[in-house]
Amino acid sequence: MKKRKFWFFIIPICLFAYLFIRLNTGYWNGIDKITTVVERENGDTEVVLVDPKLKEIVYLIIPGDTEVSVARNLGTMRLKNVWRLGINEGIGGSLVAQTVTRNFMFPVTLWIDVNGGTNIPIGDRFLLKIFNLKTKNLDKTEINLGEGQFLKKSILSDGELGYKLYGQISNRLTVYFADDFFVGKKIYIKDATGAFGVAKNVGKIIEVMGGKVTAIEKLPAEASSCQIAGSDKKIISKISLLFSCKKEMGTKKVDLEIRLGSDFFL
């Protein structure tokens, strides 16, 4: 009798917990890589890449005193100060995620600040915590960009010593972000930004993920942001999330077509 009462209570509780997690999960599916920028107490920023397929976690540490070009054309400053700027701008750590993507070509949208603020749903946080606990230390890799050849110590624009990124980020780092869903996919970009280099940088980020930019068509500038369409729904969804693009109705012959306007920022 006691056993039946136990199961009478435990089954609904387990079912409720399962449904709660499922309804509050937006990114975890046990297959796709998940990348998050995390603010450390010492001011550094972690780029944490979780790979369920390979069952590994990679931590890329960017020193807080690294000078970056802030996303949304908000100037140049040390990365540790971008967290505070994001709060002042009302977008939180999203500004850091966009800034890391802009400077390092690491495709990232999720963030956690030092106070626990985040844009990650609670279900995803729970599943990521479980994955972290199950992952062996041998399958966790930490790379501090300030301790290798990836960044150089230099006098920054504020007159103090810090770090700068010179040239393109090393393929030894971007290889971690290759996405199986993008391999062999053909991407076509229509550039109506009226700005130099924006579409090219978008193409570089997509190629880091494994896609192939077949062409960038220059168009007259138009006041719009970002629209995407294509024949591959999976990569449309991923790019829409990364660049805040609006999905167009219908499909295209190419895997993905991106149209960038003058209101698009990176």
# chains A, B, ... in the order shown; residues from 1 in each chain; ligands from 1
>>> residues_around(residues="Val114 of chain A", least_positions_apart="2", cutoff="7 Å", atoms="only C-alpha atoms", output="tab-separated table (two decimals) with N, CA and C atoms, in the first residue's frame")
chain	number	residue	atom	x	y	z
A	39	GLU	N	30.42	36.48	-17.80
A	39	GLU	CA	31.25	37.49	-17.13
A	39	GLU	C	31.86	36.90	-15.87
A	40	ARG	N	33.18	36.98	-15.76
A	40	ARG	CA	33.87	36.53	-14.55
A	40	ARG	C	33.99	37.67	-13.55
A	41	GLU	N	34.16	37.32	-12.29
A	41	GLU	CA	34.28	38.35	-11.26
A	41	GLU	C	35.51	39.22	-11.44
A	112	ILE	N	25.59	35.31	-19.66
A	112	ILE	CA	25.33	35.29	-18.21
A	112	ILE	C	26.26	36.32	-17.59
A	116	GLY	N	24.29	37.04	-12.25
A	116	GLY	CA	23.33	35.98	-12.54
A	116	GLY	C	22.29	36.34	-13.59
>>> select_by_dssp(residues="segment 36-217 of chain A", states="strand (DSSP E or B)", output="number ranges by chain")
A: 36-39, 45-51, 56-62, 66-69, 76-78, 110-112, 118, 140-144, 152-155, 161-164, 186-192, 212-217
>>> closest_atom_pairs(of="segment 178-248 of chain A", to="segment 92-100 of chain A", cutoff="12 Å", atoms="only C-alpha atoms", output="CSV")
residue,atom,partner,partner_atom,distance
A:Val202,CA,A:Gln98,CA,11.9
A:Ile205,CA,A:Val100,CA,11.2
A:Leu241,CA,A:Gln98,CA,11.6
A:Leu242,CA,A:Gln98,CA,8.6
A:Phe243,CA,A:Gln98,CA,8.7
A:Ser244,CA,A:Gln98,CA,10.6
>>> residues_around(residues="Ile169 of chain A", least_positions_apart="5", cutoff="12 Å", atoms="only C-alpha atoms", output="number ranges by chain")
A: 100-106, 145, 149-152, 164, 174-175, 204-205, 208
>>> decode(residues="segment 31-67 of chain A", atoms="C-alpha atoms", output="JSON list (two decimals), in the first residue's frame")
[["chain", "number", "residue", "atom", "x", "y", "z"],
["A", 31, "ILE", "CA", 22.72, 17.78, -30.69],
["A", 32, "ASP", "CA", 23.51, 21.41, -31.45],
["A", 33, "LYS", "CA", 26.45, 23.31, -30.01],
["A", 34, "ILE", "CA", 25.56, 26.03, -27.51],
["A", 35, "THR", "CA", 27.83, 29.03, -27.00],
["A", 36, "THR", "CA", 27.56, 31.49, -24.11],
["A", 37, "VAL", "CA", 29.56, 34.52, -22.98],
["A", 38, "VAL", "CA", 30.00, 34.56, -19.21],
["A", 39, "GLU", "CA", 31.25, 37.49, -17.13],
["A", 40, "ARG", "CA", 33.87, 36.53, -14.55],
["A", 41, "GLU", "CA", 34.28, 38.35, -11.26],
["A", 42, "ASN", "CA", 37.79, 39.46, -12.25],
["A", 43, "GLY", "CA", 36.41, 41.22, -15.35],
["A", 44, "ASP", "CA", 37.43, 38.56, -17.87],
["A", 45, "THR", "CA", 34.88, 37.09, -20.27],
["A", 46, "GLU", "CA", 34.49, 33.36, -20.86],
["A", 47, "VAL", "CA", 33.22, 32.09, -24.16],
["A", 48, "VAL", "CA", 31.81, 28.68, -23.18],
["A", 49, "LEU", "CA", 31.12, 26.26, -26.03],
["A", 50, "VAL", "CA", 29.17, 23.12, -25.17],
["A", 51, "ASP", "CA", 29.27, 20.33, -27.77],
["A", 52, "PRO", "CA", 26.78, 17.54, -26.97],
["A", 53, "LYS", "CA", 27.88, 15.44, -29.97],
["A", 54, "LEU", "CA", 31.53, 15.29, -28.93],
["A", 55, "LYS", "CA", 30.58, 15.46, -25.24],
["A", 56, "GLU", "CA", 33.07, 18.23, -24.55],
["A", 57, "ILE", "CA", 33.18, 21.79, -23.21],
["A", 58, "VAL", "CA", 35.63, 24.46, -24.40],
["A", 59, "TYR", "CA", 36.35, 27.61, -22.38],
["A", 60, "LEU", "CA", 37.95, 30.50, -24.27],
["A", 61, "ILE", "CA", 39.05, 33.19, -21.82],
["A", 62, "ILE", "CA", 39.21, 36.75, -23.15],
["A", 63, "PRO", "CA", 40.99, 39.13, -20.73],
["A", 64, "GLY", "CA", 38.77, 41.97, -19.56],
["A", 65, "ASP", "CA", 41.48, 44.44, -20.57],
["A", 66, "THR", "CA", 41.18, 43.50, -24.24],
["A", 67, "GLU", "CA", 40.33, 46.51, -26.41]]
